[in-house]
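For reference, query09.csv is printed below; it contains CSV, C-alpha atoms.
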chain,number,residue,atom,x,y,z
A,113,MET,CA,-15.6,21.0,-53.5
A,114,GLN,CA,-17.4,17.8,-54.3
A,115,SER,CA,-21.1,17.4,-53.7
A,116,ALA,CA,-22.5,14.8,-51.4
A,117,SER,CA,-23.9,12.8,-54.3
A,118,ASN,CA,-20.5,12.7,-56.0
A,119,ASP,CA,-18.6,12.1,-52.8
A,120,PRO,CA,-20.8,9.9,-50.6
A,121,PHE,CA,-17.9,9.0,-48.3
A,122,GLU,CA,-16.6,12.6,-47.7
A,123,LEU,CA,-13.3,11.4,-49.1
A,124,ASP,CA,-11.4,14.7,-48.8
A,125,ALA,CA,-12.3,15.0,-45.1
A,126,MET,CA,-11.6,11.3,-44.5
A,127,ILE,CA,-8.2,11.5,-46.1
A,128,ALA,CA,-7.4,14.5,-43.9
A,129,LEU,CA,-8.7,12.6,-40.8
A,130,ARG,CA,-6.6,9.5,-41.7
A,131,ARG,CA,-3.5,11.7,-41.9
A,132,ASP,CA,-4.3,13.4,-38.7
A,133,LEU,CA,-4.6,10.0,-37.0
A,134,HIS,CA,-1.3,8.9,-38.6
A,135,ALA,CA,0.4,12.0,-37.2
A,136,ASN,CA,-1.1,11.3,-33.7
A,137,PRO,CA,-0.7,7.6,-33.1
A,138,GLU,CA,-1.6,5.9,-29.9
A,139,LEU,CA,-0.7,2.5,-28.5
A,140,GLY,CA,-3.1,-0.2,-27.4
A,141,PHE,CA,-5.5,0.8,-24.6
A,142,GLU,CA,-4.2,4.3,-24.8
A,143,GLU,CA,-6.3,5.4,-27.8
A,144,VAL,CA,-8.0,8.2,-25.9
A,145,ARG,CA,-7.8,10.9,-28.6
A,146,THR,CA,-8.6,8.4,-31.4
A,147,SER,CA,-11.6,7.0,-29.7
A,148,ALA,CA,-12.9,10.5,-28.8
A,149,ILE,CA,-12.7,11.4,-32.5
A,150,VAL,CA,-14.5,8.2,-33.5
A,151,ALA,CA,-17.3,8.8,-31.0
A,152,GLU,CA,-17.7,12.3,-32.2
A,153,LYS,CA,-17.9,11.4,-35.9
A,154,LEU,CA,-20.4,8.7,-35.2
A,155,ALA,CA,-22.6,10.9,-33.0
A,156,GLU,CA,-22.7,13.6,-35.6
A,157,GLU,CA,-24.8,11.3,-37.7
A,158,GLY,CA,-27.0,10.2,-34.9
A,159,ILE,CA,-25.4,6.8,-34.4
A,160,GLU,CA,-25.8,5.4,-30.9
A,161,ILE,CA,-22.5,5.4,-29.0
A,162,HIS,CA,-21.1,3.0,-26.4
A,163,ARG,CA,-17.7,3.7,-24.9
A,164,GLY,CA,-15.4,2.1,-22.5
A,165,LEU,CA,-15.7,-1.6,-23.6
A,166,GLY,CA,-12.1,-2.7,-23.6
A,167,LYS,CA,-11.1,0.5,-21.9
A,168,THR,CA,-10.8,2.7,-25.0
A,169,GLY,CA,-13.1,0.7,-27.3
A,170,VAL,CA,-16.0,2.3,-29.1
A,171,VAL,CA,-19.1,0.6,-30.5
A,172,GLY,CA,-21.5,2.5,-32.7
A,173,THR,CA,-25.0,1.0,-33.2
A,174,LEU,CA,-27.3,1.8,-36.1
A,175,ARG,CA,-30.8,0.2,-36.2
A,176,VAL,CA,-33.0,0.7,-39.3
A,177,GLY,CA,-36.4,-0.8,-40.1
A,178,ASP,CA,-37.7,-4.0,-38.6
A,179,GLY,CA,-35.1,-6.4,-39.9
A,180,LYS,CA,-34.1,-9.1,-37.3
A,181,ARG,CA,-30.6,-9.8,-38.6
A,182,ARG,CA,-27.7,-8.3,-36.7
A,183,ILE,CA,-24.1,-8.0,-37.8
A,184,ALA,CA,-20.9,-6.4,-36.6
A,185,LEU,CA,-18.1,-4.7,-38.5
A,186,ARG,CA,-14.7,-4.3,-36.9
A,187,ALA,CA,-11.8,-1.9,-37.3
A,188,ASP,CA,-8.7,-1.6,-35.1
A,189,MET,CA,-7.4,1.7,-33.9
A,190,ASP,CA,-4.0,1.2,-32.2
A,191,ALA,CA,-0.5,2.0,-33.5
A,192,LEU,CA,2.8,0.2,-32.9
A,193,ALA,CA,5.7,0.9,-30.6
A,194,MET,CA,8.3,1.7,-33.3
A,195,PRO,CA,9.8,4.8,-34.9
A,196,GLU,CA,8.6,6.3,-38.2
A,197,LEU,CA,11.7,6.9,-40.4
A,198,ALA,CA,10.0,8.2,-43.6
A,199,ASP,CA,9.8,11.9,-44.0
A,200,ARG,CA,6.2,12.9,-44.8
A,201,PRO,CA,4.1,15.9,-43.9
A,202,TYR,CA,1.9,13.9,-41.5
A,203,LYS,CA,4.8,11.9,-39.9
A,204,SER,CA,4.2,10.7,-36.4
A,205,ASN,CA,4.5,13.4,-33.7
A,206,THR,CA,5.0,10.8,-31.0
A,207,PRO,CA,8.5,9.4,-30.6
A,208,ASN,CA,8.7,5.6,-31.2
A,209,VAL,CA,5.0,5.3,-31.9
A,210,MET,CA,3.7,4.9,-35.5
A,211,HIS,CA,0.8,3.6,-37.5
A,212,ALA,CA,2.9,0.9,-39.3
A,213,CYS,CA,0.0,-1.5,-40.0
A,214,GLY,CA,-2.7,0.8,-41.4
A,215,HIS,CA,-5.1,0.9,-38.5
A,216,ASP,CA,-5.5,4.6,-39.1
A,217,GLY,CA,-6.9,3.7,-42.5
A,218,HIS,CA,-9.1,0.9,-41.1
A,219,THR,CA,-10.6,3.3,-38.6
A,220,VAL,CA,-11.4,5.9,-41.3
A,221,MET,CA,-12.9,3.4,-43.8
A,222,LEU,CA,-15.3,2.1,-41.2
A,223,LEU,CA,-16.2,5.7,-40.1
A,224,ALA,CA,-16.9,6.8,-43.6
A,225,ALA,CA,-19.2,3.8,-44.2
A,226,ALA,CA,-21.0,4.2,-40.9
A,227,ARG,CA,-21.7,7.9,-41.5
A,228,HIS,CA,-22.9,7.1,-45.1
A,229,LEU,CA,-25.2,4.3,-43.9
A,230,ALA,CA,-26.6,6.6,-41.2
A,231,ARG,CA,-27.6,9.1,-43.8
A,232,THR,CA,-28.9,6.8,-46.5
A,233,ARG,CA,-30.5,4.1,-44.2
A,234,ASN,CA,-30.8,1.8,-47.1
A,235,PHE,CA,-31.1,-1.4,-45.1
A,236,SER,CA,-33.3,-3.1,-42.5
A,237,GLY,CA,-31.7,-4.6,-39.4
A,238,THR,CA,-28.9,-3.8,-36.9
A,239,VAL,CA,-25.3,-3.1,-37.5
A,240,HIS,CA,-22.7,-2.6,-34.8
A,241,PHE,CA,-19.5,-0.7,-35.7
A,242,ILE,CA,-16.7,-2.0,-33.6
A,243,PHE,CA,-13.7,0.3,-33.1
A,244,GLN,CA,-11.4,-2.0,-31.3
A,245,PRO,CA,-8.3,-1.0,-29.2
A,246,ALA,CA,-5.1,-2.9,-28.7
A,247,GLU,CA,-5.0,-5.3,-31.7
A,248,GLU,CA,-1.2,-5.3,-31.7
A,249,GLY,CA,-0.6,-7.9,-29.1
A,250,ARG,CA,-2.2,-6.2,-26.1
A,251,GLY,CA,-5.5,-8.1,-26.1
A,252,GLY,CA,-8.1,-5.6,-27.2
A,253,ALA,CA,-10.6,-8.0,-28.8
A,254,LYS,CA,-10.3,-10.5,-25.9
A,255,ALA,CA,-11.0,-7.6,-23.4
A,256,MET,CA,-14.1,-6.5,-25.3
A,257,VAL,CA,-15.4,-10.1,-25.5
A,258,GLU,CA,-14.7,-10.8,-21.8
A,259,GLU,CA,-16.3,-7.5,-20.8
A,260,GLY,CA,-19.5,-8.6,-22.4
A,261,PHE,CA,-19.5,-7.5,-26.0
A,262,PHE,CA,-21.7,-10.3,-27.3
A,263,GLU,CA,-24.1,-10.0,-24.3
A,264,ARG,CA,-24.6,-6.3,-24.9
A,265,PHE,CA,-24.5,-6.5,-28.7
A,266,PRO,CA,-25.8,-9.9,-29.9
A,267,VAL,CA,-24.9,-10.5,-33.5
A,268,ASP,CA,-25.4,-13.2,-36.1
A,269,ALA,CA,-22.1,-12.6,-37.9
A,270,VAL,CA,-19.0,-10.5,-37.6
A,271,TYR,CA,-16.7,-9.1,-40.3
A,272,GLY,CA,-13.1,-7.8,-40.3
A,273,LEU,CA,-11.0,-6.1,-43.0
A,274,HIS,CA,-7.2,-5.6,-43.2
A,275,ASN,CA,-5.1,-3.8,-45.9
A,276,MET,CA,-2.7,-5.9,-47.9
A,277,PRO,CA,0.3,-4.5,-49.7
A,278,GLY,CA,0.7,-6.2,-53.1
A,279,LEU,CA,-2.9,-6.0,-54.1
A,280,ALA,CA,-4.3,-3.0,-56.0
A,281,THR,CA,-6.3,-0.4,-53.9
A,282,ASP,CA,-9.5,-1.4,-55.8
A,283,GLU,CA,-8.7,-5.1,-55.4
A,284,MET,CA,-9.9,-7.5,-52.6
A,285,ALA,CA,-9.1,-11.1,-51.6
A,286,VAL,CA,-11.8,-13.1,-49.8
A,287,VAL,CA,-11.2,-16.8,-48.9
A,288,ALA,CA,-12.9,-19.3,-46.7
A,289,GLY,CA,-11.0,-21.3,-44.1
A,290,PRO,CA,-7.8,-20.3,-42.3
A,291,GLN,CA,-6.6,-16.7,-42.9
A,292,LEU,CA,-4.2,-16.0,-40.0
A,293,ALA,CA,-2.3,-18.3,-37.7
A,294,SER,CA,-2.6,-18.6,-33.9
A,295,SER,CA,0.0,-16.4,-32.2
A,296,ASP,CA,1.4,-17.8,-29.0
A,297,SER,CA,4.6,-17.1,-27.0
A,298,TRP,CA,6.9,-19.5,-25.2
A,299,THR,CA,9.9,-19.2,-22.9
A,300,VAL,CA,12.4,-21.8,-21.7
A,301,THR,CA,14.7,-21.1,-18.7
A,302,PHE,CA,17.7,-23.4,-18.5
A,303,ARG,CA,19.2,-23.5,-15.0
A,304,GLY,CA,22.7,-25.0,-14.8
A,305,VAL,CA,25.8,-24.6,-12.6
A,306,GLY,CA,27.9,-21.6,-13.5
A,307,THR,CA,31.7,-21.9,-13.5
A,308,HIS,CA,34.9,-20.5,-14.9
A,309,GLY,CA,35.0,-20.5,-18.7
A,310,ALA,CA,38.3,-22.3,-18.6
A,311,LYS,CA,37.0,-25.1,-16.4
A,312,PRO,CA,33.6,-26.1,-17.9
A,313,HIS,CA,33.9,-29.6,-16.4
A,314,LEU,CA,33.3,-28.2,-12.9
A,315,GLY,CA,29.9,-26.8,-13.8
A,316,ARG,CA,26.8,-27.7,-15.8
A,317,ASP,CA,26.7,-25.6,-19.0
A,318,ALA,CA,23.3,-24.0,-19.6
A,319,VAL,CA,24.7,-22.1,-22.6
A,320,THR,CA,25.6,-25.2,-24.6
A,321,ALA,CA,22.3,-26.8,-23.6
A,322,ALA,CA,20.5,-23.7,-25.0
A,323,GLY,CA,22.4,-24.0,-28.2
A,324,HIS,CA,21.3,-27.6,-28.7
A,325,PHE,CA,17.7,-26.6,-27.9
A,326,LEU,CA,17.8,-23.8,-30.5
A,327,ALA,CA,18.8,-26.3,-33.2
A,328,ALA,CA,16.4,-29.0,-32.0
A,329,ILE,CA,13.2,-27.0,-31.9
A,330,HIS,CA,13.3,-26.7,-35.7
A,331,THR,CA,13.0,-30.5,-36.0
A,332,ILE,CA,9.5,-30.2,-34.5
A,333,VAL,CA,8.0,-28.7,-37.6
A,334,ALA,CA,10.2,-30.7,-39.9
A,335,ARG,CA,9.8,-34.1,-38.3
A,336,VAL,CA,7.0,-34.2,-35.8
A,337,VAL,CA,4.1,-32.0,-37.2
A,338,ASP,CA,2.4,-33.5,-40.2
A,339,PRO,CA,4.2,-31.9,-43.2
A,340,LEU,CA,0.8,-31.1,-44.8
A,341,GLN,CA,0.0,-28.9,-41.8
A,342,PRO,CA,1.6,-25.4,-41.7
A,343,ALA,CA,3.4,-24.4,-38.5
A,344,VAL,CA,6.1,-22.1,-37.4
A,345,ILE,CA,8.4,-22.1,-34.3
A,346,SER,CA,10.8,-19.2,-34.0
A,347,ALA,CA,13.2,-18.3,-31.2
A,348,CYS,CA,13.2,-14.5,-30.9
A,349,ALA,CA,15.0,-13.7,-27.7
A,350,LEU,CA,18.0,-14.9,-25.8
A,351,GLU,CA,19.4,-13.9,-22.4
A,352,ALA,CA,22.7,-15.2,-21.0
A,353,GLY,CA,25.9,-14.1,-19.4
A,354,ASP,CA,27.7,-10.8,-19.6
A,355,PHE,CA,29.9,-9.5,-22.4
A,356,LYS,CA,32.0,-7.8,-19.7
A,357,ALA,CA,32.7,-11.3,-18.2
A,358,LEU,CA,33.6,-13.5,-21.1
A,359,ASN,CA,35.4,-16.0,-18.8
A,360,VAL,CA,32.2,-16.9,-16.9
A,361,ILE,CA,29.8,-19.6,-17.9
A,362,PRO,CA,26.4,-18.4,-16.4
A,363,ASP,CA,24.0,-20.3,-14.3
A,364,ILE,CA,20.9,-19.3,-16.3
A,365,VAL,CA,20.0,-19.0,-19.9
A,366,ARG,CA,16.6,-17.8,-21.0
A,367,VAL,CA,15.2,-18.4,-24.5
A,368,GLY,CA,11.9,-17.1,-25.9
A,369,GLY,CA,9.9,-17.0,-29.1
A,370,THR,CA,6.7,-17.5,-31.0
A,371,ALA,CA,4.7,-20.5,-32.2
A,372,ARG,CA,2.1,-20.3,-35.1
A,373,ALA,CA,-0.5,-22.8,-36.4
A,374,TYR,CA,-3.8,-22.8,-38.3
A,375,SER,CA,-5.5,-25.5,-36.4
A,376,ALA,CA,-6.2,-26.3,-32.7
A,377,GLU,CA,-4.6,-29.7,-33.1
A,378,VAL,CA,-1.3,-28.4,-34.4
A,379,ARG,CA,-1.4,-25.5,-31.8
A,380,ASN,CA,-1.7,-28.1,-29.0
A,381,GLN,CA,1.1,-30.2,-30.6
A,382,LEU,CA,3.5,-27.2,-30.7
A,383,GLU,CA,2.9,-26.5,-27.0
A,384,THR,CA,3.6,-30.1,-26.0
A,385,GLU,CA,6.6,-30.7,-28.3
A,386,ILE,CA,8.6,-27.5,-27.3
A,387,GLY,CA,8.3,-28.6,-23.7
A,388,ILE,CA,9.4,-32.2,-24.5
A,389,VAL,CA,12.5,-30.9,-26.4
A,390,ALA,CA,13.4,-28.4,-23.6
A,391,ARG,CA,13.2,-31.0,-20.8
A,392,GLY,CA,14.9,-33.7,-22.8
A,393,ILE,CA,17.9,-31.5,-23.6
A,394,ALA,CA,18.1,-30.3,-20.0
A,395,ALA,CA,18.2,-33.9,-18.9
A,396,THR,CA,20.9,-34.7,-21.3
A,397,PHE,CA,23.1,-31.9,-19.8
A,398,GLY,CA,22.1,-32.6,-16.2
A,399,ILE,CA,20.4,-29.3,-15.7
A,400,GLU,CA,16.9,-28.1,-15.1
A,401,ALA,CA,14.4,-26.5,-17.6
A,402,GLU,CA,11.4,-24.3,-16.8
A,403,TYR,CA,8.9,-24.1,-19.6
A,404,GLU,CA,6.0,-21.7,-20.2
A,405,PHE,CA,3.7,-21.5,-23.2
A,406,LEU,CA,1.4,-18.5,-23.3
A,407,ARG,CA,-1.7,-18.7,-25.5
A,408,ARG,CA,-2.3,-15.3,-26.9
A,409,ILE,CA,-4.4,-15.3,-30.1
A,410,PRO,CA,-6.2,-18.3,-31.7
A,411,PRO,CA,-6.2,-18.7,-35.5
A,412,VAL,CA,-8.6,-16.7,-37.7
A,413,VAL,CA,-10.7,-19.2,-39.7
A,414,ASN,CA,-13.3,-17.8,-42.0
A,415,ASP,CA,-16.8,-19.3,-41.8
A,416,ALA,CA,-18.0,-20.5,-45.2
A,417,ASP,CA,-21.4,-18.7,-45.2
A,418,ALA,CA,-20.1,-15.4,-43.9
A,419,THR,CA,-17.3,-15.6,-46.5
A,420,ALA,CA,-19.8,-16.1,-49.3
A,421,ARG,CA,-21.6,-13.0,-48.1
A,422,ALA,CA,-18.4,-11.0,-48.0
A,423,LEU,CA,-17.4,-12.3,-51.4
A,424,ARG,CA,-20.6,-11.0,-53.0
A,425,ALA,CA,-20.2,-7.6,-51.3
A,426,SER,CA,-16.5,-7.4,-52.4
A,427,GLN,CA,-17.4,-8.2,-56.0
A,428,ALA,CA,-20.1,-5.5,-56.1
A,429,ALA,CA,-17.9,-3.0,-54.3
A,430,THR,CA,-14.9,-3.4,-56.6
A,431,GLY,CA,-16.5,-4.2,-59.9
A,432,ARG,CA,-13.6,-6.5,-60.7
A,433,PRO,CA,-12.7,-10.1,-60.0
A,434,VAL,CA,-12.0,-10.9,-56.4
A,435,VAL,CA,-9.0,-13.0,-55.4
A,436,THR,CA,-10.3,-16.3,-54.0
A,437,ASP,CA,-7.1,-18.3,-53.7
A,438,PHE,CA,-5.1,-15.8,-51.6
A,439,PRO,CA,-2.7,-17.7,-49.3
A,440,PRO,CA,-3.2,-17.5,-45.5
A,441,SER,CA,-0.7,-15.5,-43.4
A,442,THR,CA,1.3,-16.7,-40.5
A,443,ALA,CA,0.7,-13.3,-38.8
A,444,GLY,CA,-2.0,-13.1,-36.2
A,445,ASP,CA,-5.0,-10.9,-35.5
A,446,ASP,CA,-7.2,-11.0,-32.4
A,447,PHE,CA,-10.3,-10.6,-34.6
A,448,ALA,CA,-10.1,-14.4,-33.9
A,449,PHE,CA,-11.8,-13.8,-30.5
A,450,PHE,CA,-14.9,-12.3,-32.3
A,451,GLY,CA,-14.9,-15.0,-35.0
A,452,ALA,CA,-14.7,-17.7,-32.3
A,453,GLU,CA,-18.1,-16.7,-30.9
A,454,VAL,CA,-20.2,-16.2,-34.1
A,455,PRO,CA,-19.7,-16.9,-37.8
A,456,GLY,CA,-17.0,-14.5,-39.1
A,457,ALA,CA,-15.1,-13.5,-42.2
A,458,TYR,CA,-11.9,-11.6,-42.4
A,459,VAL,CA,-11.1,-10.0,-45.8
A,460,TRP,CA,-8.1,-8.3,-47.5
A,461,LEU,CA,-8.1,-5.0,-49.3
A,462,GLY,CA,-5.2,-3.9,-51.5
A,463,ASN,CA,-2.8,-1.2,-50.3
A,464,GLY,CA,-0.9,-0.9,-53.6
A,465,PRO,CA,2.5,-2.1,-54.5
A,466,ALA,CA,4.6,-3.8,-51.8
A,467,VAL,CA,7.6,-1.6,-52.4
A,468,ASP,CA,9.5,1.3,-50.8
A,469,GLY,CA,8.8,0.3,-47.3
A,470,ALA,CA,5.1,-0.5,-47.9
A,471,LEU,CA,5.1,-3.8,-45.9
A,472,HIS,CA,3.4,-4.0,-42.6
A,473,HIS,CA,5.4,-3.1,-39.5
A,474,ASN,CA,8.0,-1.4,-41.6
A,475,THR,CA,9.4,2.0,-40.3
A,476,ARG,CA,8.5,3.6,-43.7
A,477,TYR,CA,5.0,2.0,-44.1
A,478,ASP,CA,2.0,4.2,-44.9
A,479,PHE,CA,-1.6,3.4,-45.5
A,480,ASN,CA,-2.6,4.1,-49.1
A,481,ASP,CA,-5.4,6.7,-49.1
A,482,ASP,CA,-6.6,5.5,-52.5
A,483,ALA,CA,-8.0,2.4,-50.7
A,484,ILE,CA,-10.4,4.4,-48.5
A,485,ALA,CA,-13.2,4.6,-51.1
A,486,THR,CA,-13.0,0.9,-51.9
A,487,GLY,CA,-13.1,-0.1,-48.2
A,488,ALA,CA,-16.0,2.2,-47.4
A,489,ARG,CA,-17.9,0.9,-50.5
A,490,PHE,CA,-17.3,-2.7,-49.3
A,491,TRP,CA,-18.6,-2.0,-45.8
A,492,THR,CA,-21.6,-0.2,-47.1
A,493,THR,CA,-22.4,-2.8,-49.7
A,494,LEU,CA,-22.0,-5.6,-47.2
A,495,VAL,CA,-24.6,-4.0,-44.9
A,496,GLU,CA,-27.0,-3.2,-47.7
A,497,GLN,CA,-26.8,-6.7,-49.1
A,498,GLU,CA,-26.9,-8.7,-45.9
A,499,LEU,CA,-29.5,-6.5,-44.2
A,500,ALA,CA,-31.5,-5.9,-47.4
A,501,ALA,CA,-34.5,-3.7,-46.8
Show the structure stored in the file as structure tokens.
Amino acid sequence: MQSASNDPFELDAMIALRRDLHANPELGFEEVRTSAIVAEKLAEEGIEIHRGLGKTGVVGTLRVGDGKRRIALRADMDALAMPELADRPYKSNTPNVMHACGHDGHTVMLLAAARHLARTRNFSGTVHFIFQPAEEGRGGAKAMVEEGFFERFPVDAVYGLHNMPGLATDEMAVVAGPQLASSDSWTVTFRGVGTHGAKPHLGRDAVTAAGHFLAAIHTIVARVVDPLQPAVISACALEAGDFKALNVIPDIVRVGGTARAYSAEVRNQLETEIGIVARGIAATFGIEAEYEFLRRIPPVVNDADATARALRASQAATGRPVVTDFPPSTAGDDFAFFGAEVPGAYVWLGNGPAVDGALHHNTRYDFNDDAIATGARFWTTLVEQELAA
């Protein structure tokens, strides 16, 4: 058994808790068990608890001394709607739900740091520990902000952390500027005139129109968007016809997908251009097109000052060089809603080699418990440096 001085973050207990959370995953806005555990662990150390923001969200508040600066640290709690195929002792007990992105680890790292900070109290100021629900596309951060997070918990800066396969578990990457792309959804419905498959001239073929559209949208990034500006348009869903009626050209074809960008300008451009292509092709084929673009998550862009603060903390926490030229990801994270309100920084912590199913959203993924100590040290160091007593 390790002493508290040798194990300031209760690593054995935190690893056990991380595996318990992994075995009992919960989807976004359904994190009832997880949020109850979080609240209990915070309250054990006398941290002020606020529950119900964003339905299952938890905010822990710790005030020490008379420092005026206020910061927030965010961890996400939700799992994904997918099966876990790896055989491990703490495999998911819930069919088609698993922690395939490491949010179980994110939750435990912030808990470990919060408990340690509550015991040591080696800072002066206010820190809010955000345990956010529903990061995986269900709108948890947006819900917390819209329900008054910043009115109830005014802060000067906000920080987020995510694990990254491919970096060592004692390695971090901290970079100013764009980190994650906007994540938006779009759908196009082509309405033609169905007819016999042997007599296409008697109808208006929405299937062929959709095929032209699928090829044409890829010219937007290649030929319309500035080639120096990263962007992605992908078609990810297609509905048309019936494989039991392969002699029928259907009236309606529905196509949907995602659009990603790192700037507001390119994001706006993608929304406009997809619609132009859809309506133009529909006109060419003499049919109608209905277009919808759903803005879901803005890009995560790191503030320069907050990033510099996070960089100093990561250097001290790891004791090794920090990666400062790590490329941005075209994935999205709704931490963007917090970072849009106050200066923010979103950093990466290694999860070990990106092999054997270690990539995010893989059915064999698992958070690497060796990263818990590094993550907890980073959070602790950030608070102690930024809110120096």
Each residue of stretch 276-301 of chain A lying at most 12 Å from stretch 475-493 of chain A should get a row with its shortest atom-to-atom pair and the distance in Å to one decimal, counting all atoms listed in the file; could you produce that, ordered by chain and increasing number, as a Markdown table?
| residue | atom | partner | partner_atom | distance |
| --- | --- | --- | --- | --- |
| A:Met276 | CA | A:Phe479 | CA | 9.7 |
| A:Pro277 | CA | A:Asn480 | CA | 9.1 |
| A:Gly278 | CA | A:Asn480 | CA | 11.5 |
| A:Leu279 | CA | A:Ala483 | CA | 10.4 |
| A:Ala280 | CA | A:Ala483 | CA | 8.4 |
| A:Thr281 | CA | A:Ala483 | CA | 4.6 |
| A:Asp282 | CA | A:Thr486 | CA | 5.7 |
| A:Glu283 | CA | A:Thr486 | CA | 8.2 |
| A:Met284 | CA | A:Thr486 | CA | 9.0 |
| A:Ala285 | CA | A:Phe490 | CA | 12.0 |
| A:Val286 | CA | A:Phe490 | CA | 11.8 |
- Considering only C-alpha atoms, state which residue in the set A:Ile386, A:Asn275, A:Ala373, A:Gly289 is at the smallest distance from A:Ile329.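 Among A:Ile386, A:Asn275, A:Ala373, A:Gly289, it is A:Ile386 that comes nearest to A:Ile329.
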- Message: Env of A:Phe241: 12 Å cut, atoms = all atoms listed in the file, seq-sep filter 3 positions within chain, self excluded. Answer as number ranges by chain.
- Response: A: 150-151, 154, 159-163, 169-175, 182-188, 218-227, 229-230, 238, 244, 261, 265, 267, 270-272, 491-492, 495
- Enter the distance from atom CA of A:Gly451 to atom CA of A:Val412, in Å, rounded to one decimal.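 So the two atoms, atom CA of A:Gly451 and atom CA of A:Val412, lie 7.1 Å apart.
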- Shell of 9 Å around A:Thr299, all atoms listed in the file, local chain residues under 6 positions omitted, as a VMD selection string: chain A and resid 347 349 366 to 370 402 to 406
- Task: Select, counting only C-alpha atoms, all protein, DNA and RNA residues no farther than 8 Å from (-4.7, 6.8, -31.5) in file coordinates, and express the selection as a ChimeraX atom specification.
- Result: /A:133,136-139,142-147,189-191,216
- With all atoms listed in the file as the atoms that count, which of A:Asn205, A:Leu314, A:Ile345, A:Arg181 lies nearest to A:Asp132? A:Asn205
- Message: Report, in Å to a single decimal, how far apart atom CA of A:Ala457 and atom CA of A:Asp415 are.
- Response: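 Atom CA of A:Ala457 lies at a distance of 6.1 Å from atom CA of A:Asp415.
Counting all atoms listed in the file, the residue from A:Glu351, A:Leu423, A:Ala321, A:Gln381 that sits nearest to A:Val336 is A:Gln381.
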- Query: A:Val360, A:Gly392, A:Gly164, A:Glu248: which is nearest A:Lys311, counting all atoms listed in the file?
  - Reply: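 Of A:Val360, A:Gly392, A:Gly164, A:Glu248, the one nearest A:Lys311 is A:Val360, counting all atoms listed in the file.
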- Kindly provide, as a ChimeraX atom specification, the polymer residues lying within 6 Å of (-4.5, -13.7, -38.4), counting all atoms listed in the file and using the coordinates exactly as they appear in the file. /A:291-293,412,443-445
Residues of the last selection are to be written out with C-alpha atoms, as a CSV table (one decimal), in the coordinates of the input.
chain,number,residue,atom,x,y,z
A,291,GLN,CA,-6.6,-16.7,-42.9
A,292,LEU,CA,-4.2,-16.0,-40.0
A,293,ALA,CA,-2.3,-18.3,-37.7
A,412,VAL,CA,-8.6,-16.7,-37.7
A,443,ALA,CA,0.7,-13.3,-38.8
A,444,GLY,CA,-2.0,-13.1,-36.2
A,445,ASP,CA,-5.0,-10.9,-35.5
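Candidate residues A:Arg335, A:His240, A:His324, A:Lys203 were compared for distance to A:Arg130, and the nearest is A:Lys203, using all atoms listed in the file.
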- List the neighbours of A:Ala193 out to 7 Å using all atoms listed in the file; skip same-chain residues closer than 3 positions along the sequence, and give me the result as number ranges by chain. A: 139, 208-210
- Query: Which one is closest to A:Cys348: A:Phe397, A:Tyr374, A:Trp298, A:Phe325? Count all atoms listed in the file.
  - Reply: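 Using all atoms listed in the file, A:Cys348 sits closest to A:Trp298.
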